[in-house]
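A.B. asks: Can you read through this structure? Questions will come right after.
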Amino acid sequence: MAGAAAEERRLATVVTNWQGRPVLVVGDAMLDEWRFAESERLCREAPAPVLTLRRRISAAGGAANTAVNVSALGGRAVLVAPVGADVAGDELHDCLDRAGVWDRTVNQPGRPTPVKRRMLAGSQILLREDSGDPEDALDDDGVARLLTALHCATEELHAAAHGQPLTLVVCDYGLGALPGAVRAWLVANRDRYATVALDAHDLADWRGLNPTVVTPSFAEATRLLARAAAGFNGGGRAAGPGTTAGDLHLDHQGDPTDGPSELVVGTAPGGAGERAAGTPHPTSGAPPVDRRAAAPGPTGEPTPGEERVALTGDGLTVTGTGVTVSAAAGEGVDRAVLAESRLAELRAHTGADVVAVTLDTEGAVVGGGDGEPRRSHSTPVPASHAVGAGDAYLAAMTLALAAAASLPTAAQLAQLAATITVSDTGTCVCRREDLLGVLGTGPEDADHPTLIGAEELTAIVAEHRRAGRSIVFTNGCFDVLHPGHVRYLTQARALGDLLVVAVNSDGSVRRLKGPDRPVNPVEDRAALLAALACVDHVVVFEEDSPARLIEAVRPDVYVKGGDYPPEMVPEAPLVRRLGGQVRTLGYVPDRSTSAIIDRIRAQSVTPTVGEGTGRPA
């Protein structure tokens with residue numbers, strides 16, 4: 001139980017750290033419309049139910065829902081997207097305003113806002129009507145205004161970020177919001193964003209972006225691999241070993257711009273080359289499919305047969321239009337295994353640091369530069385509950401990576417955010433309080449949270465001060481927590497009613513201590529501090545000096561560790577000007593972080609030069 005509680009605290013620290021992170025979302029925005037009806041009889045004209053409309057709900061969809069999730073999770077979201085000058089566009093603007101998203105969308109007269117209208121009886125979706133033609137391209141004026149909006153939104157976000165690095169999320173669902181000129185601008189301005197997330201139905205359109213993370217579905221990942229292989233073969237290069245087609249393939253069905261993919265069994269692409277013409281497939285009995293000429297390389301349009309994945313009879317490889325996937329043997333091979341086997345290639349083809357292949361109700365497979373796949377799981381739910389869950393996943397993954405969380409932590413939080421949103425029918429939105437609630441620091445602890453963001457600090461301190469409590473404030477790196485820290489913090493807590501500890505971010509520690517520090521990431525350092533009984537609140541700050549936090553808190557007592565007099569503390573003049581006093585507390589001898597790290601390094605084993613045996617010199 002203690003381990004689980006510590007893990008929840010660590011995850012909650014990351015959620016706290018991403019509070020207020022500036023995120024620009026660009027892409028295909030749409031309106032989700034839900035119509036809830038009842039049916040008690042069939043009509044006389046046809047064997048069809050007569051529906052009585054009881055309730056109608058509108059929600060942001062696509063890129064707009066990703067922005068809503070970023071805002072709901074605590075980030076500062078700005079949306080740039082083309083939106084029609086129509087009723088649906090007006091409703092979408094209202095949805096963004098209610099969610100606190102900075103609406104920087106560009107009206108496009110004559111180009112309708114994409115809408116997905118779902119009619120339900122109970123929780124069952126009976127039909128869906130889509131409006132908004134993806135072939136209706138932006139005109140030159142619309143593209144120019146969209147580029148202007150991107151530039152202005154980036155500058156606006158930078159001015160409001162108070163030094164925090166910017167994050168970009170690209171949502172390309174093939175509805176025409178991201179023409180070539182816009183894609184080129186984003187690639188050319190890639191360096192303006194520290195973290196870039198890409199969710200695109202056609203990843204080949206985004207070569208050169210080099211995103212931090214991509215989140216393709218299984219079908220989208222397969223399509224990219226197949227087209228990459230077709231490009232290699234079509235360019236005159238020999239296919240790699242084992243690229244012959246196999247006996248069983250999974251064929252993507254349905255609209256490629258429409259969410260989760262359906263997979264059905266059929267004939268392997270190119271399988272006919274290994275059998276006589278017209279010979280049925282030996283397992284499925286399906287007729288063979290002729291191999292088409294390979295395209296010269298991935299372009300903006302799919303090529304015939306590229307959406308197929310094939311599993312060879314020996315169960316050792318998976319093939320999609322000449323591309324081989326290593327996988328485990330046997331009939332139990334599933335999409336997760338296939339995705340794990342190709343993570344490195346997906347990273348190479350996309351230029352991404354992290355690839356998260358989403359598997360609908362089966363969770364996700366995530367891989368980074370260490371080559372170690374991470375598997376997360378989800379709970380199967382009705383399809384009407386899962387609309388937009390991928391947007392919540394993308395938002396949480398992006399915010400976690402932007403807050404410098406480790407990849408396992410980011411993957412865990414992303415899956416958790418997606419999972420807790422699917423409890424009811426409608427477009428999924430994960431709220432920060434819901435996520436913290438699952439982690440044990442939700443509304444029941446809202447009056448006195450331990451891990452807090454800088455935005456919350458002023459209000460929380462004001463509440464304590466109205467109750468007559470005195471505030472003690474201290475700050476530091478706390479890289480390797482040791483008994484000296486514990487005694488120091490216990491003594492600090494005794495100087496007042498409330499102890500606030502500000503912790504330097506990882507970037508701040510590197511600037512102050514050198515490139516080999518910190519030893520422990522900020523989420524771990526903050527979680528350990530929050531676990532101490534003497535600590536009331538922990539907050540992370542990005543700057544090298546805590547001056548901004550000191551001005552916000554206006555502490556009654558400011559405490560620093562060391563043997564020097566209070567007059568030598570750099571923050572002393574500011575604290576006194578604000579009406580506080582400064583105290584210094586001595587460290588426990590031989591219990592400093594630097595001393596501990598030096599002892600560890602001194603005891604490390606060094607091999608003899610030229611020996612290479614690993615034995616001590």
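Letters A, B, ... go to the chains of the structure tokens in the order shown; residues in each chain start at 1; ligands are counted from 1 in the same order.
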When DSSP is applied to the backbone of this structure, which of range 18-53 of chain A are assigned strand (DSSP E)? Write them out as JSON, numbers by chain.
C.D. replies: {"A": [22, 23, 24, 25, 26, 27, 29, 30, 31, 32, 33, 34, 35, 36, 37, 38, 39, 40, 41, 42, 49, 50, 51, 52, 53]}
A.B. asks: Suppose we keep C-alpha atoms; can you now write the selection as a short mmCIF file (atom, residue, chain, number, x, y, z; two decimals), in the first residue's frame?
C.D. replies:
data_model
loop_
_atom_site.label_atom_id
_atom_site.label_comp_id
_atom_site.auth_asym_id
_atom_site.auth_seq_id
_atom_site.Cartn_x
_atom_site.Cartn_y
_atom_site.Cartn_z
CA PRO A 22 1.58 26.97 -22.80
CA VAL A 23 0.30 24.75 -25.64
CA LEU A 24 -0.56 25.76 -29.21
CA VAL A 25 -2.97 23.33 -30.91
CA VAL A 26 -3.38 23.52 -34.70
CA GLY A 27 -5.36 21.32 -37.08
CA ALA A 29 -11.40 21.40 -35.66
CA MET A 30 -14.93 20.05 -35.81
CA LEU A 31 -18.19 20.04 -33.89
CA ASP A 32 -19.53 16.86 -32.27
CA GLU A 33 -23.33 16.81 -32.01
CA TRP A 34 -25.10 14.19 -29.89
CA ARG A 35 -28.85 13.63 -30.29
CA PHE A 36 -30.42 11.40 -27.66
CA ALA A 37 -33.75 9.91 -28.65
CA GLU A 38 -36.30 7.35 -27.55
CA SER A 39 -38.03 4.80 -29.75
CA GLU A 40 -41.20 2.90 -28.89
CA ARG A 41 -42.54 1.85 -32.30
CA LEU A 42 -41.73 1.26 -35.96
CA PRO A 49 -37.78 2.93 -35.56
CA VAL A 50 -39.65 6.18 -34.96
CA LEU A 51 -37.36 8.40 -32.86
CA THR A 52 -38.45 11.10 -30.43
CA LEU A 53 -35.66 13.57 -29.73
#
A.B. asks: So which residues touch Val429 in chain A within 7 Å, counting only C-alpha atoms, skipping near sequence neighbours fewer than 3 positions away, as a list of chain:residue names?
C.D. replies: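 Answer for this query is A:Asn69, A:Ala392, A:Thr421.
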A.B. asks: Excluding same-chain residues fewer than 4 positions from Ser123 in chain A, what lies within 10 Å of it counting only C-alpha atoms, as a list in words?
C.D. replies: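 These residues fall inside the cut-off: Phe36, Ala37, Met119, Pro382, Ala383, Ser384, His385, Asp424, Thr425 and Gly426 of chain A.
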A.B. asks: How many Å lie between CA of Glu372 in chain A and CA of Arg347 in chain A, rounded to one decimal?
C.D. replies: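 Taking CA of Glu372 in chain A as the start and CA of Arg347 in chain A as the end point, the length is 12.6 Å.
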A.B. asks: Neighbours of range 467-475 of chain A within 6 Å (only C-alpha atoms; same-chain residues fewer than 3 positions away dropped), as a list in words?
C.D. replies: His464, Gly496, Asp497, Leu498, Leu499, Val500, Val501, Ala502, Val503, Pro555, Asp556, Val557, Tyr558 and Val559 of chain A
A.B. asks: Could you pull out the helix (DSSP H, G or I) residues of range 388-452 of chain A, going by DSSP on the backbone, and write them as a PyMOL selection string?
C.D. replies: chain A and resi 389-402+407-419+432-438+443-445
A.B. asks: Would you pick out the contacts of Trp185 in chain A at 10 Å or less, using only C-alpha atoms, so that residues sharing its chain but fewer than 6 positions from it are not included, and give the list as a list in words?
C.D. replies: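 Answer for this query is Leu147, Leu150 and His151 of chain A.
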A.B. asks: Would you save the residues from that selection as a compact mmCIF listing (two decimals), in the first residue's frame, using C-alpha atoms?
C.D. replies:
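In the end it all went to result_28.txt:
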# COMPACT_ATOMS: atom_id res chain seq x y z
CA LEU A 147 -0.45 31.51 -41.34
CA LEU A 150 -0.21 30.85 -36.32
CA HIS A 151 2.49 33.50 -36.07
A.B. asks: Pick out the residues sitting within 10 Å of range 133-140 of chain A, and hand them over as JSON, numbers by chain; count only C-alpha atoms, and ignore anything fewer than 6 positions along from it in its own chain.
C.D. replies: {"A": [28, 82, 108, 110, 111, 112, 113, 114, 115, 146, 173, 174, 175, 176, 177, 178, 179, 181, 257]}
A.B. asks: From the set A:Gly100, A:Gly142, A:Gly84, A:Gly351, which residue has the shortest atom-to-atom contact distance to Gly208 in chain A, counting only C-alpha atoms?
C.D. replies: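 Ranked by minimum distance to Gly208 in chain A, first place goes to A:Gly351.
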A.B. asks: Would you kindly return, as a PyMOL selection string, each protein, DNA or RNA residue with an atom no farther than 10 Å from any atom of Tyr393 in chain A, considering only C-alpha atoms and excluding same-chain residues fewer than 2 positions away?
C.D. replies: chain A and resi 66+69+215+356+358+364+388-391+395-398+410-419+421+429-430
A.B. asks: Just C-alpha atoms for this one: save the residues we selected as an mmCIF file, in the first residue's frame.
C.D. replies:
data_model
loop_
_atom_site.group_PDB
_atom_site.id
_atom_site.type_symbol
_atom_site.label_atom_id
_atom_site.label_comp_id
_atom_site.auth_asym_id
_atom_site.auth_seq_id
_atom_site.Cartn_x
_atom_site.Cartn_y
_atom_site.Cartn_z
ATOM 1 C CA THR A 66 -7.591 18.216 -27.943
ATOM 2 C CA ASN A 69 -8.526 18.536 -22.932
ATOM 3 C CA THR A 215 0.377 8.920 -31.593
ATOM 4 C CA ALA A 356 2.742 5.742 -29.022
ATOM 5 C CA THR A 358 -2.856 3.412 -29.852
ATOM 6 C CA ALA A 364 -1.355 1.455 -26.338
ATOM 7 C CA GLY A 388 -12.501 11.622 -28.160
ATOM 8 C CA ALA A 389 -10.586 9.392 -25.724
ATOM 9 C CA GLY A 390 -7.611 9.638 -28.056
ATOM 10 C CA ASP A 391 -7.699 13.433 -27.667
ATOM 11 C CA ALA A 395 -3.267 15.995 -24.347
ATOM 12 C CA ALA A 396 -2.006 14.205 -21.227
ATOM 13 C CA MET A 397 0.961 12.633 -23.018
ATOM 14 C CA THR A 398 1.969 16.017 -24.440
ATOM 15 C CA ALA A 410 3.977 10.102 -19.419
ATOM 16 C CA ALA A 411 2.607 6.869 -20.912
ATOM 17 C CA GLN A 412 0.958 5.935 -17.624
ATOM 18 C CA LEU A 413 -0.720 9.312 -17.204
ATOM 19 C CA ALA A 414 -1.857 9.409 -20.839
ATOM 20 C CA GLN A 415 -3.529 6.013 -20.584
ATOM 21 C CA LEU A 416 -5.080 6.945 -17.246
ATOM 22 C CA ALA A 417 -6.482 10.183 -18.686
ATOM 23 C CA ALA A 418 -8.013 8.308 -21.618
ATOM 24 C CA THR A 419 -9.419 5.531 -19.440
ATOM 25 C CA THR A 421 -13.034 9.682 -19.495
ATOM 26 C CA VAL A 429 -12.797 15.304 -21.777
ATOM 27 C CA CYS A 430 -10.414 14.552 -18.884
#
A.B. asks: So how far away is CA of Asp205 in chain A from CA of Gly180 in chain A, in Å?
C.D. replies: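 Spanning CA of Gly180 in chain A to CA of Asp205 in chain A is a straight-line distance of 8.7 Å.
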A.B. asks: With the cut-off set at 10 Å and counting only C-alpha atoms, tabulate each residue of range 66-142 of chain A with an atom at most that distance from an atom of range 152-161 of chain A, showing the nearest atom pair and its distance in Å to one decimal, ordered by chain and increasing number, as JSON lines.
C.D. replies:
{"residue": "A:Arg76", "atom": "CA", "partner": "A:Leu157", "partner_atom": "CA", "distance": 8.7}
{"residue": "A:Ala77", "atom": "CA", "partner": "A:Leu157", "partner_atom": "CA", "distance": 9.0}
{"residue": "A:Val78", "atom": "CA", "partner": "A:Ala153", "partner_atom": "CA", "distance": 7.2}
{"residue": "A:Leu79", "atom": "CA", "partner": "A:Ala153", "partner_atom": "CA", "distance": 8.4}
{"residue": "A:Val80", "atom": "CA", "partner": "A:Ala153", "partner_atom": "CA", "distance": 7.6}
{"residue": "A:Trp102", "atom": "CA", "partner": "A:Ala153", "partner_atom": "CA", "distance": 9.2}
{"residue": "A:Asp103", "atom": "CA", "partner": "A:Ala153", "partner_atom": "CA", "distance": 9.7}
{"residue": "A:Arg104", "atom": "CA", "partner": "A:Ala153", "partner_atom": "CA", "distance": 7.0}
{"residue": "A:Thr105", "atom": "CA", "partner": "A:Ala153", "partner_atom": "CA", "distance": 9.9}
A.B. asks: Would you mind exporting N, CA and C atoms of the selected residues as a PDB file, in the first residue's frame?
C.D. replies:
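The new file part-v4.pdb reads:
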ATOM      1  N   ARG A  76      -2.374  25.767 -20.577  1.00  0.00           N
ATOM      2  CA  ARG A  76      -2.892  26.985 -21.204  1.00  0.00           C
ATOM      3  C   ARG A  76      -2.977  26.714 -22.701  1.00  0.00           C
ATOM      4  N   ALA A  77      -4.187  26.465 -23.208  1.00  0.00           N
ATOM      5  CA  ALA A  77      -4.379  26.014 -24.581  1.00  0.00           C
ATOM      6  C   ALA A  77      -4.800  27.152 -25.496  1.00  0.00           C
ATOM      7  N   VAL A  78      -4.161  27.216 -26.664  1.00  0.00           N
ATOM      8  CA  VAL A  78      -4.530  28.155 -27.723  1.00  0.00           C
ATOM      9  C   VAL A  78      -4.824  27.326 -28.967  1.00  0.00           C
ATOM     10  N   LEU A  79      -5.965  27.561 -29.614  1.00  0.00           N
ATOM     11  CA  LEU A  79      -6.345  26.806 -30.808  1.00  0.00           C
ATOM     12  C   LEU A  79      -6.296  27.687 -32.039  1.00  0.00           C
ATOM     13  N   VAL A  80      -5.574  27.240 -33.057  1.00  0.00           N
ATOM     14  CA  VAL A  80      -5.579  27.867 -34.370  1.00  0.00           C
ATOM     15  C   VAL A  80      -6.102  26.847 -35.362  1.00  0.00           C
ATOM     16  N   TRP A 102      -8.068  29.551 -25.467  1.00  0.00           N
ATOM     17  CA  TRP A 102      -7.873  30.800 -26.209  1.00  0.00           C
ATOM     18  C   TRP A 102      -8.243  30.530 -27.661  1.00  0.00           C
ATOM     19  N   ASP A 103      -9.347  31.101 -28.083  1.00  0.00           N
ATOM     20  CA  ASP A 103      -9.898  30.838 -29.414  1.00  0.00           C
ATOM     21  C   ASP A 103      -9.254  31.773 -30.434  1.00  0.00           C
ATOM     22  N   ARG A 104      -8.327  31.235 -31.193  1.00  0.00           N
ATOM     23  CA  ARG A 104      -7.679  32.005 -32.252  1.00  0.00           C
ATOM     24  C   ARG A 104      -7.972  31.366 -33.613  1.00  0.00           C
ATOM     25  N   THR A 105      -9.164  30.810 -33.726  1.00  0.00           N
ATOM     26  CA  THR A 105      -9.579  30.188 -34.977  1.00  0.00           C
ATOM     27  C   THR A 105      -9.823  31.267 -36.038  1.00  0.00           C
TER      28      THR A 105
END
A.B. asks: When you count only C-alpha atoms, which of these residues is closest to Glu91 in chain A: A:Gly61, A:Pro109, A:Gly580, A:Gly367?
C.D. replies: A:Gly61
A.B. asks: For Arg207 in chain A, which residue out of A:Thr16, A:Asn504, A:Ser423, A:Thr350 is the nearest one, using only C-alpha atoms?
C.D. replies: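 Closest to Arg207 in chain A of all the choices is A:Thr350.
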A.B. asks: I'd like the interatomic distance between CA of Asn107 in chain A and CA of Asp90 in chain A, to a tenth of an Å.
C.D. replies: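 If I compute the distance from CA of Asn107 in chain A to CA of Asp90 in chain A, I get 10.0 Å.
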A.B. asks: Of the residues A:Arg190, A:Leu346, A:Val337, A:Glu523, which is the one nearest to Arg227 in chain A, using only C-alpha atoms?
C.D. replies: A:Leu346
